[in-house]
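The file final.cif comes next; it holds mmCIF, C-alpha atoms and all ligand atoms.
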```
data_entry
loop_
_atom_site.group_PDB
_atom_site.id
_atom_site.type_symbol
_atom_site.label_atom_id
_atom_site.label_comp_id
_atom_site.auth_asym_id
_atom_site.auth_seq_id
_atom_site.Cartn_x
_atom_site.Cartn_y
_atom_site.Cartn_z
ATOM 1 C CA MET I 29 76.140 104.038 69.608
ATOM 2 C CA THR I 30 79.200 105.002 67.584
ATOM 3 C CA SER I 31 82.594 104.939 69.193
ATOM 4 C CA ASN I 32 84.392 108.215 69.631
ATOM 5 C CA PRO I 33 87.174 108.567 67.035
ATOM 6 C CA LEU I 34 88.973 110.820 69.523
ATOM 7 C CA GLN I 35 89.291 107.978 72.010
ATOM 8 C CA GLN I 36 92.725 107.017 70.672
ATOM 9 C CA PHE I 37 93.923 110.464 71.795
ATOM 10 C CA PHE I 38 92.725 110.176 75.398
ATOM 11 C CA ARG I 39 95.438 110.206 78.041
ATOM 12 C CA GLN I 40 97.360 106.960 78.428
ATOM 13 C CA PRO I 41 98.869 105.328 81.509
ATOM 14 C CA SER I 42 102.396 106.631 81.892
ATOM 15 C CA VAL I 43 103.529 104.937 85.096
ATOM 16 C CA TYR I 44 103.220 101.312 86.147
ATOM 17 C CA LEU I 45 103.288 101.067 89.915
ATOM 18 C CA ARG I 46 104.554 98.081 91.873
ATOM 19 C CA LEU I 47 102.378 97.987 94.976
ATOM 20 C CA PRO I 48 104.283 98.136 98.295
ATOM 21 C CA THR I 49 101.832 95.586 99.783
ATOM 22 C CA LYS I 50 102.477 93.345 96.737
ATOM 23 C CA GLY I 51 98.684 93.082 96.488
ATOM 24 C CA LYS I 52 98.603 90.600 99.356
ATOM 25 C CA TRP I 53 95.103 91.512 100.597
ATOM 26 C CA TYR I 54 93.431 92.266 97.282
ATOM 27 C CA THR I 55 90.866 90.290 95.367
ATOM 28 C CA SER I 56 89.973 91.239 91.788
ATOM 29 C CA GLU I 57 86.936 93.088 93.218
ATOM 30 C CA ILE I 58 89.348 95.445 95.007
ATOM 31 C CA VAL I 59 92.266 95.871 92.573
ATOM 32 C CA GLU I 60 92.990 94.631 89.074
ATOM 33 C CA THR I 61 96.673 94.699 88.214
ATOM 34 C CA THR I 62 98.530 93.987 84.961
ATOM 35 C CA ALA I 63 99.972 90.551 84.197
ATOM 36 C CA ASP I 64 103.215 91.809 85.776
ATOM 37 C CA ASN I 65 101.340 92.608 88.980
ATOM 38 C CA GLU I 66 101.580 96.359 88.459
ATOM 39 C CA LEU I 67 98.947 99.090 88.580
ATOM 40 C CA ALA I 68 98.520 101.320 85.518
ATOM 41 C CA VAL I 69 98.573 105.010 86.532
ATOM 42 C CA TYR I 70 97.271 107.835 84.345
ATOM 43 C CA PRO I 71 98.246 111.503 84.635
ATOM 44 C CA LEU I 72 95.801 113.940 86.273
ATOM 45 C CA SER I 73 93.173 115.405 83.981
ATOM 46 C CA ALA I 74 92.421 119.143 84.139
ATOM 47 C CA MET I 75 89.229 118.306 86.056
ATOM 48 C CA ASN I 76 91.146 116.199 88.622
ATOM 49 C CA ASP I 77 93.546 119.068 89.127
ATOM 50 C CA ILE I 78 90.693 121.478 89.834
ATOM 51 C CA MET I 79 89.217 119.066 92.395
ATOM 52 C CA LEU I 80 92.563 118.640 94.158
ATOM 53 C CA ASN I 81 92.990 122.383 94.440
ATOM 54 C CA THR I 82 89.561 122.896 95.989
ATOM 55 C CA PRO I 83 90.099 122.541 99.752
ATOM 56 C CA ASP I 84 86.392 122.027 100.534
ATOM 57 C CA ALA I 85 86.149 119.221 98.005
ATOM 58 C CA MET I 86 89.261 117.598 99.458
ATOM 59 C CA LEU I 87 87.828 117.488 102.954
ATOM 60 C CA ASN I 88 85.167 115.267 101.520
ATOM 61 C CA GLY I 89 86.756 111.865 100.874
ATOM 62 C CA GLN I 90 84.481 111.270 97.883
ATOM 63 C CA ALA I 91 86.295 113.857 95.730
ATOM 64 C CA LEU I 92 89.653 112.229 96.393
ATOM 65 C CA GLU I 93 88.136 108.811 95.771
ATOM 66 C CA ASN I 94 86.951 109.981 92.344
ATOM 67 C CA VAL I 95 90.393 111.312 91.424
ATOM 68 C CA ILE I 96 91.982 107.996 92.463
ATOM 69 C CA LYS I 97 89.478 105.993 90.376
ATOM 70 C CA ASP I 98 90.103 108.270 87.428
ATOM 71 C CA CYS I 99 93.907 108.011 87.560
ATOM 72 C CA ALA I 100 94.037 104.314 88.465
ATOM 73 C CA PRO I 101 90.933 102.645 86.984
ATOM 74 C CA GLY I 102 92.370 99.277 88.063
ATOM 75 C CA ILE I 103 91.289 100.121 91.595
ATOM 76 C CA LYS I 104 87.721 98.855 91.854
ATOM 77 C CA ASP I 105 87.141 99.524 95.560
ATOM 78 C CA VAL I 106 89.102 102.581 96.716
ATOM 79 C CA LYS I 107 87.902 102.243 100.335
ATOM 80 C CA ARG I 108 89.713 98.902 100.636
ATOM 81 C CA PHE I 109 92.927 100.126 98.975
ATOM 82 C CA LEU I 110 95.679 100.003 101.611
ATOM 83 C CA LEU I 111 97.609 102.937 103.037
ATOM 84 C CA PRO I 112 101.156 102.071 101.800
ATOM 85 C CA ASP I 113 99.706 101.648 98.296
ATOM 86 C CA VAL I 114 97.632 104.850 98.603
ATOM 87 C CA GLU I 115 100.751 106.902 99.350
ATOM 88 C CA ALA I 116 102.764 105.262 96.562
ATOM 89 C CA LEU I 117 99.838 105.915 94.209
ATOM 90 C CA PHE I 118 99.786 109.653 95.076
ATOM 91 C CA LEU I 119 103.452 109.805 94.197
ATOM 92 C CA ALA I 120 102.918 107.788 91.011
ATOM 93 C CA ILE I 121 100.100 110.123 89.909
ATOM 94 C CA LYS I 122 102.374 113.081 90.570
ATOM 95 C CA SER I 123 105.143 111.330 88.657
ATOM 96 C CA ALA I 124 102.795 110.661 85.728
ATOM 97 C CA SER I 125 101.549 114.254 85.700
ATOM 98 C CA ASN I 126 104.354 116.685 86.348
ATOM 99 C CA GLY I 127 107.375 115.466 84.498
ATOM 100 C CA GLY I 128 108.096 113.582 87.687
ATOM 101 C CA LYS I 129 109.405 116.526 89.717
ATOM 102 C CA ILE I 130 108.032 118.070 92.902
ATOM 103 C CA ASP I 131 109.222 121.152 94.727
ATOM 104 C CA ILE I 132 109.041 121.245 98.477
ATOM 105 C CA ASP I 133 109.792 124.195 100.742
ATOM 106 C CA ARG I 134 111.519 123.825 104.069
ATOM 107 C CA LYS I 135 112.596 126.429 106.596
ATOM 108 C CA CYS I 136 116.001 125.692 108.139
ATOM 109 C CA PRO I 137 115.464 124.966 111.859
ATOM 110 C CA LYS I 138 118.855 126.563 112.654
ATOM 111 C CA CYS I 139 119.027 129.836 110.687
ATOM 112 C CA GLU I 140 115.395 130.009 109.479
ATOM 113 C CA ALA I 141 116.411 130.500 105.834
ATOM 114 C CA ASP I 142 113.852 129.291 103.277
ATOM 115 C CA ASN I 143 114.994 126.391 101.139
ATOM 116 C CA THR I 144 113.307 124.820 98.128
ATOM 117 C CA TYR I 145 114.179 121.280 97.141
ATOM 118 C CA GLU I 146 113.320 119.530 93.948
ATOM 119 C CA LEU I 147 112.426 115.899 94.458
ATOM 120 C CA ASN I 148 112.325 113.305 91.749
ATOM 121 C CA CYS I 149 109.181 111.160 92.078
ATOM 122 C CA SER I 150 110.524 108.157 90.214
ATOM 123 C CA TYR I 151 113.622 108.181 92.443
ATOM 124 C CA LEU I 152 111.348 108.186 95.526
ATOM 125 C CA LEU I 153 109.256 105.365 94.040
ATOM 126 C CA ASP I 154 112.449 103.398 93.357
ATOM 127 C CA SER I 155 113.390 103.804 97.028
ATOM 128 C CA SER I 156 110.147 102.098 98.085
ATOM 129 C CA THR I 157 110.222 99.203 100.474
ATOM 130 C CA PHE I 158 107.917 96.209 99.986
ATOM 131 C CA LEU I 159 105.974 93.995 102.324
ATOM 132 C CA ASN I 160 108.089 91.422 104.134
ATOM 133 C CA GLU I 161 107.022 88.284 105.961
ATOM 134 C CA ASP I 162 108.270 89.807 109.265
ATOM 135 C CA ASP I 163 105.960 92.811 108.837
ATOM 136 C CA LEU I 164 102.918 90.575 109.071
ATOM 137 C CA THR I 165 103.110 89.362 112.649
ATOM 138 C CA THR I 166 104.231 90.244 116.128
ATOM 139 C CA GLN I 167 104.581 87.696 118.897
ATOM 140 C CA PHE I 168 103.929 87.723 122.654
ATOM 141 C CA SER I 169 106.524 85.257 124.018
ATOM 142 C CA ASP I 170 105.656 81.712 122.968
ATOM 143 C CA GLU I 171 101.946 82.216 123.579
ATOM 144 C CA LEU I 172 100.351 84.493 120.989
ATOM 145 C CA VAL I 173 101.019 85.461 117.393
ATOM 146 C CA ILE I 174 99.213 88.639 116.304
ATOM 147 C CA HIS I 175 98.633 89.060 112.562
ATOM 148 C CA VAL I 176 98.402 92.678 111.413
ATOM 149 C CA ARG I 177 97.516 94.474 108.193
ATOM 150 C CA PRO I 178 97.781 98.113 107.067
ATOM 151 C CA TYR I 179 95.008 100.719 107.374
ATOM 152 C CA ASP I 180 92.813 101.045 104.316
ATOM 153 C CA PHE I 181 91.754 104.247 102.532
ATOM 154 C CA GLU I 182 88.517 104.489 104.510
ATOM 155 C CA MET I 183 90.371 104.264 107.846
ATOM 156 C CA ARG I 184 92.911 106.838 106.642
ATOM 157 C CA GLN I 185 90.152 109.313 105.719
ATOM 158 C CA LEU I 186 88.390 108.768 109.027
ATOM 159 C CA PHE I 187 91.583 109.462 110.945
ATOM 160 C CA LEU I 188 92.483 112.579 108.924
ATOM 161 C CA LYS I 189 88.981 114.000 109.286
ATOM 162 C CA ARG I 190 88.909 113.487 113.050
ATOM 163 C CA GLU I 191 92.445 114.810 113.434
ATOM 164 C CA PHE I 192 91.389 117.928 111.526
ATOM 165 C CA GLU I 193 88.368 118.371 113.805
ATOM 166 C CA GLU I 194 90.428 117.980 116.971
ATOM 167 C CA GLU I 195 93.040 120.450 115.693
ATOM 168 C CA LYS I 196 90.193 122.900 115.208
ATOM 169 C CA THR I 197 89.039 122.232 118.787
ATOM 170 C CA PHE I 198 92.585 122.959 119.992
ATOM 171 C CA ARG I 199 92.764 126.204 118.068
ATOM 172 C CA ASN I 200 89.376 127.302 119.419
ATOM 173 C CA ILE I 201 90.441 126.591 122.995
ATOM 174 C CA ASN I 202 93.656 128.578 122.519
ATOM 175 C CA ALA I 203 91.871 131.438 120.773
ATOM 176 C CA GLN I 204 89.700 132.002 123.849
ATOM 177 C CA GLY I 205 92.757 133.235 125.746
ATOM 178 C CA ASP I 206 91.839 134.341 129.266
ATOM 179 C CA ALA I 207 88.111 133.930 128.644
ATOM 180 C CA ILE I 208 88.366 130.414 130.087
ATOM 181 C CA ASP I 209 90.543 129.385 133.006
ATOM 182 C CA ASP I 210 93.559 127.093 132.697
ATOM 183 C CA ILE I 211 91.916 124.152 134.429
ATOM 184 C CA THR I 212 88.955 124.153 132.023
ATOM 185 C CA LYS I 213 91.383 124.564 129.125
ATOM 186 C CA ALA I 214 93.458 121.577 130.254
ATOM 187 C CA LYS I 215 90.279 119.524 130.704
ATOM 188 C CA LEU I 216 88.980 120.340 127.198
ATOM 189 C CA MET I 217 92.357 119.508 125.649
ATOM 190 C CA ALA I 218 92.605 116.234 127.540
ATOM 191 C CA GLU I 219 89.134 115.302 126.239
ATOM 192 C CA SER I 220 90.203 116.110 122.687
ATOM 193 C CA ILE I 221 93.335 113.954 123.021
ATOM 194 C CA GLU I 222 91.269 111.153 124.520
ATOM 195 C CA ARG I 223 88.859 111.175 121.566
ATOM 196 C CA LEU I 224 91.796 110.824 119.142
ATOM 197 C CA SER I 225 93.417 108.075 121.231
ATOM 198 C CA LYS I 226 90.138 106.142 121.264
ATOM 199 C CA LEU I 227 89.904 106.417 117.498
ATOM 200 C CA THR I 228 93.520 105.260 117.082
ATOM 201 C CA PHE I 229 92.752 102.334 119.367
ATOM 202 C CA SER I 230 89.755 101.272 117.298
ATOM 203 C CA LEU I 231 91.763 101.607 114.063
ATOM 204 C CA VAL I 232 94.554 99.484 115.546
ATOM 205 C CA SER I 233 91.980 96.908 116.561
ATOM 206 C CA ARG I 234 90.637 96.835 112.995
ATOM 207 C CA SER I 235 94.215 96.272 111.800
ATOM 208 C CA ILE I 236 94.452 92.968 113.662
ATOM 209 C CA GLU I 237 93.470 90.217 111.258
ATOM 210 C CA LYS I 238 93.687 87.326 113.661
ATOM 211 C CA ILE I 239 95.428 86.090 116.777
ATOM 212 C CA VAL I 240 96.826 82.580 117.069
ATOM 213 C CA ILE I 241 97.054 80.970 120.516
ATOM 214 C CA LEU I 242 100.118 78.812 119.939
ATOM 215 C CA LYS I 243 99.841 76.184 122.662
ATOM 216 C CA GLN I 244 96.197 75.416 121.894
ATOM 217 C CA ASN I 245 96.572 75.953 118.159
ATOM 218 C CA VAL I 246 93.437 78.132 118.191
ATOM 219 C CA THR I 247 92.934 81.025 115.750
ATOM 220 C CA VAL I 248 90.761 83.940 116.886
ATOM 221 C CA THR I 249 89.169 86.081 114.165
ATOM 222 C CA ASP I 250 86.033 87.252 116.001
ATOM 223 C CA ARG I 251 86.121 91.106 116.053
ATOM 224 C CA GLU I 252 84.458 91.376 119.457
ATOM 225 C CA HIS I 253 86.919 88.919 121.010
ATOM 226 C CA ILE I 254 89.881 90.778 119.515
ATOM 227 C CA ASN I 255 88.544 94.152 120.768
ATOM 228 C CA GLU I 256 88.043 92.802 124.274
ATOM 229 C CA TRP I 257 91.551 91.370 124.260
ATOM 230 C CA LEU I 258 93.109 94.676 123.102
ATOM 231 C CA VAL I 259 91.289 96.601 125.855
ATOM 232 C CA GLY I 260 92.292 94.007 128.446
ATOM 233 C CA ILE I 261 96.054 93.787 127.853
ATOM 234 C CA SER I 262 98.735 95.911 129.553
ATOM 235 C CA LYS I 263 99.843 99.279 128.192
ATOM 236 C CA ALA I 264 103.270 97.816 127.308
ATOM 237 C CA GLN I 265 101.652 94.984 125.346
ATOM 238 C CA ALA I 266 99.243 97.355 123.582
ATOM 239 C CA GLU I 267 102.253 99.443 122.558
ATOM 240 C CA ILE I 268 103.879 96.399 120.948
ATOM 241 C CA VAL I 269 100.718 95.860 118.875
ATOM 242 C CA MET I 270 100.540 99.555 117.932
ATOM 243 C CA GLU I 271 104.190 99.499 116.864
ATOM 244 C CA ALA I 272 103.570 96.501 114.626
ATOM 245 C CA VAL I 273 100.599 98.287 112.993
ATOM 246 C CA ASP I 274 102.625 101.481 112.637
ATOM 247 C CA LYS I 275 105.485 99.541 111.029
ATOM 248 C CA ILE I 276 103.265 97.826 108.468
ATOM 249 C CA ASN I 277 101.604 101.169 107.629
ATOM 250 C CA LYS I 278 105.024 102.692 106.990
ATOM 251 C CA ILE I 279 106.239 100.275 104.324
ATOM 252 C CA GLY I 280 106.456 101.768 100.851
ATOM 253 C CA ILE I 281 107.820 105.144 99.891
ATOM 254 C CA PRO I 282 110.309 106.936 102.185
ATOM 255 C CA LYS I 283 108.670 108.930 104.994
ATOM 256 C CA THR I 284 111.620 111.221 105.711
ATOM 257 C CA LEU I 285 114.224 113.080 103.740
ATOM 258 C CA THR I 286 117.605 114.496 104.692
ATOM 259 C CA ALA I 287 117.521 118.208 104.010
ATOM 260 C CA GLN I 288 120.529 120.518 103.940
ATOM 261 C CA CYS I 289 120.312 124.286 104.260
ATOM 262 C CA THR I 290 121.793 126.169 101.324
ATOM 263 C CA SER I 291 122.546 129.153 103.593
ATOM 264 C CA CYS I 292 124.265 127.693 106.653
ATOM 265 C CA GLY I 293 124.911 124.084 105.647
ATOM 266 C CA HIS I 294 122.954 122.645 108.592
ATOM 267 C CA SER I 295 121.401 119.278 107.756
ATOM 268 C CA TRP I 296 118.400 117.603 109.382
ATOM 269 C CA GLU I 297 115.857 114.802 108.930
ATOM 270 C CA ASP I 298 112.470 116.067 107.853
ATOM 271 C CA ALA I 299 109.141 114.311 107.419
ATOM 272 C CA LEU I 300 107.813 113.824 103.897
ATOM 273 C CA SER I 301 104.055 113.984 103.694
ATOM 274 C CA PHE I 302 101.991 112.763 100.800
ATOM 275 C CA ASP I 303 98.682 114.113 101.966
ATOM 276 C CA PRO I 304 97.076 115.066 98.648
ATOM 277 C CA ALA I 305 95.536 118.277 99.994
ATOM 278 C CA SER I 306 99.015 119.720 100.357
ATOM 279 C CA PHE I 307 100.955 117.445 98.058
ATOM 280 C CA PHE I 308 99.026 118.171 94.894
ATOM 281 C CA GLY I 309 97.875 121.635 95.795
ATOM 282 C CA LYS I 310 99.658 124.936 95.400
ATOM 283 C CA ARG I 311 100.357 125.097 99.112
ATOM 284 C CA SER I 312 103.751 124.038 100.430
ATOM 285 C CA LEU I 313 104.391 120.885 102.413
ATOM 286 C CA GLN I 314 105.878 122.801 105.286
ATOM 287 C CA GLY I 315 104.476 121.813 108.625
ATOM 288 C CA MET I 316 102.456 118.956 107.171
ATOM 289 C CA ALA I 317 104.537 116.305 108.936
ATOM 290 C CA SER I 318 102.339 113.343 109.663
HETATM 291 ZN ZN ZN I 401 120.278 127.264 107.754
#
```

Kindly return the structure encoded in the file as structure tokens.
Amino acid sequence: MTSNPLQQFFRQPSVYLRLPTKGKWYTSEIVETTADNELAVYPLSAMNDIMLNTPDAMLNGQALENVIKDCAPGIKDVKRFLLPDVEALFLAIKSASNGGKIDIDRKCPKCEADNTYELNCSYLLDSSTFLNEDDLTTQFSDELVIHVRPYDFEMRQLFLKREFEEEKTFRNINAQGDAIDDITKAKLMAESIERLSKLTFSLVSRSIEKIVILKQNVTVTDREHINEWLVGISKAQAEIVMEAVDKINKIGIPKTLTAQCTSCGHSWEDALSFDPASFFGKRSLQGMAS
């Protein structure tokens, strides 16, 4: 086999990403970083761009997985790559590919004028937060310490897929209009919400690494035991655990931006979404708040 003399002209990494999780949960089978603990990020190829603009391909997690592997070959196991790093990576790929600028469209909630903002990806990446020791645990009085970790790519895809399905269920119920009565409608919607809540619950459970019983100095890592505990605690306690998981998932790039209307001057906080289906595609981000 002869080596390809064109190889020297292949695309090169143009961004080096510092991972918001600082690589805390990664082995070299999951992610290989540079000596400086950064991830090399390559710009999108023409083929990647086509994939990202094909909605059917994007619904299938495999297509997105391939694009990620292609743009960040240091990631060996995309399914285990963690959510804060996934979102920072999307931004880094965009930064590597588009001269680092993204346009987002927002309708002013006050006067309904359309506004377009140009965001600078490297500025957003520079505003990233990084994993802190306090993000890792939450405590129930002096009895239990719960250790949490972020969702991984596989969990993210599962959630997005199910959320998409339930949104479709909602639309179908609404589209039936008077064909079904209000009580049946309410029942179907409640079932849909329950399915999503159950999924969230199981994802939160998977985000608990271990629980330490302080007084006995016992560490529980058994999945079944942790699940049973999560189902058995009070709603208020479960909410504390969910908040801790939500907080650790939200480290990294900013999740909101302050927008100001160019017509009436009104300013408001708006969600920034980095869902690749909308983020990379031609469609606007409007209404994609996560
Ligand atoms: Zn306005």

Seminar exercise, completed: From CA of Lys129 in chain I to CA of Phe109 in chain I the spacing works out at 25.0 Å

Exercise. Given a cut-off of 7 Å, what residues near ligand ZN 401 (chain I) show up using only C-alpha atoms and all ligand atoms, put as a ChimeraX atom specification?
Worked result: /I:136-141,289-294

Exercise. In Å, with one decimal, what is the gap from CA of Ile211 in chain I to CA of Glu193 in chain I?
Worked result: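 According to the coordinates, CA of Ile211 in chain I and CA of Glu193 in chain I are separated by 21.7 Å.
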
For this session: Give as a ChimeraX atom specification the residues that the PyMOL selection byres (((chain I and resi 37-48) around 9) and not hetatm) matches when applied to the coordinates above.
Result: /I:33-36,49-51,62,64-71,73,99-100,112-113,116-117,120-121,123-125,153,156-159,279-281

Can you spit out the residues from that selection as a tab-separated table (two decimals), keeping the file's coordinate frame, using C-alpha atoms?
```
chain	number	residue	atom	x	y	z
I	33	PRO	CA	87.17	108.57	67.04
I	34	LEU	CA	88.97	110.82	69.52
I	35	GLN	CA	89.29	107.98	72.01
I	36	GLN	CA	92.72	107.02	70.67
I	49	THR	CA	101.83	95.59	99.78
I	50	LYS	CA	102.48	93.34	96.74
I	51	GLY	CA	98.68	93.08	96.49
I	62	THR	CA	98.53	93.99	84.96
I	64	ASP	CA	103.22	91.81	85.78
I	65	ASN	CA	101.34	92.61	88.98
I	66	GLU	CA	101.58	96.36	88.46
I	67	LEU	CA	98.95	99.09	88.58
I	68	ALA	CA	98.52	101.32	85.52
I	69	VAL	CA	98.57	105.01	86.53
I	70	TYR	CA	97.27	107.84	84.34
I	71	PRO	CA	98.25	111.50	84.64
I	73	SER	CA	93.17	115.40	83.98
I	99	CYS	CA	93.91	108.01	87.56
I	100	ALA	CA	94.04	104.31	88.46
I	112	PRO	CA	101.16	102.07	101.80
I	113	ASP	CA	99.71	101.65	98.30
I	116	ALA	CA	102.76	105.26	96.56
I	117	LEU	CA	99.84	105.92	94.21
I	120	ALA	CA	102.92	107.79	91.01
I	121	ILE	CA	100.10	110.12	89.91
I	123	SER	CA	105.14	111.33	88.66
I	124	ALA	CA	102.80	110.66	85.73
I	125	SER	CA	101.55	114.25	85.70
I	153	LEU	CA	109.26	105.36	94.04
I	156	SER	CA	110.15	102.10	98.08
I	157	THR	CA	110.22	99.20	100.47
I	158	PHE	CA	107.92	96.21	99.99
I	159	LEU	CA	105.97	94.00	102.32
I	279	ILE	CA	106.24	100.28	104.32
I	280	GLY	CA	106.46	101.77	100.85
I	281	ILE	CA	107.82	105.14	99.89
```

Exercise. So which residues get picked by the PyMOL selection byres (((chain I and resi 249) around 10) and not hetatm) here, written as a ChimeraX atom specification?
Worked result: /I:236-240,246-248,250-254

Keeping C-alpha atoms, export the residues of the selection given above as a CSV table (one decimal), in the frame of the given file.
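Contents of selection.csv, freshly written:
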```csv
chain,number,residue,atom,x,y,z
I,236,ILE,CA,94.5,93.0,113.7
I,237,GLU,CA,93.5,90.2,111.3
I,238,LYS,CA,93.7,87.3,113.7
I,239,ILE,CA,95.4,86.1,116.8
I,240,VAL,CA,96.8,82.6,117.1
I,246,VAL,CA,93.4,78.1,118.2
I,247,THR,CA,92.9,81.0,115.8
I,248,VAL,CA,90.8,83.9,116.9
I,250,ASP,CA,86.0,87.3,116.0
I,251,ARG,CA,86.1,91.1,116.1
I,252,GLU,CA,84.5,91.4,119.5
I,253,HIS,CA,86.9,88.9,121.0
I,254,ILE,CA,89.9,90.8,119.5
```

Exercise. Hey, which of I:Tyr54, I:Tyr151, I:Phe187, I:Phe302 ends up closest to Leu110 in chain I? Count only C-alpha atoms.
Worked result: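 Of I:Tyr54, I:Tyr151, I:Phe187, I:Phe302, the one nearest Leu110 in chain I is I:Tyr54, counting only C-alpha atoms.
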
Return as JSON the box centre and box size in Å, one decimal, for an axis-aligned box around all listed atoms of range 72-84 of chain I padded by 3 Å per side.
```
{"center_x": 91.1, "center_y": 118.4, "center_z": 92.3, "size_x": 15.4, "size_y": 15.0, "size_z": 22.6}
```

Problem set entry | Among listed residues I:Lys243, I:Arg184, I:Lys97, I:Lys104, nearest Leu72 in chain I (using all atoms listed in the file) | I:Lys97

Exercise. If we count all atoms listed in the file, what is near Ile221 in chain I at a cut-off of 12 Å, once residues fewer than 2 positions away on the same chain are taken out, given as a PyMOL selection string?
Worked result: chain I and resi 190-191+193-195+197-198+214-219+223-228

Exercise. Between CA of Val95 in chain I and CA of Met75 in chain I, what is the spacing in Å?
Worked result: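 Computed distance, CA of Met75 in chain I to CA of Val95 in chain I, equals 8.9 Å.
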
For this session: Run the PyMOL selection byres (((chain I and resi 170) around 12) and not hetatm) on the file and write out the hits as a ChimeraX atom specification.
Result: /I:166-169,171-174,240-245

For this session: Point out the residue among I:Arg108, I:Ser233, I:Val273, I:Asn76 with the least atom-to-atom distance to Ile96 in chain I, counting all atoms listed in the file.
Result: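 Closest to Ile96 in chain I, using all atoms listed in the file: I:Asn76.
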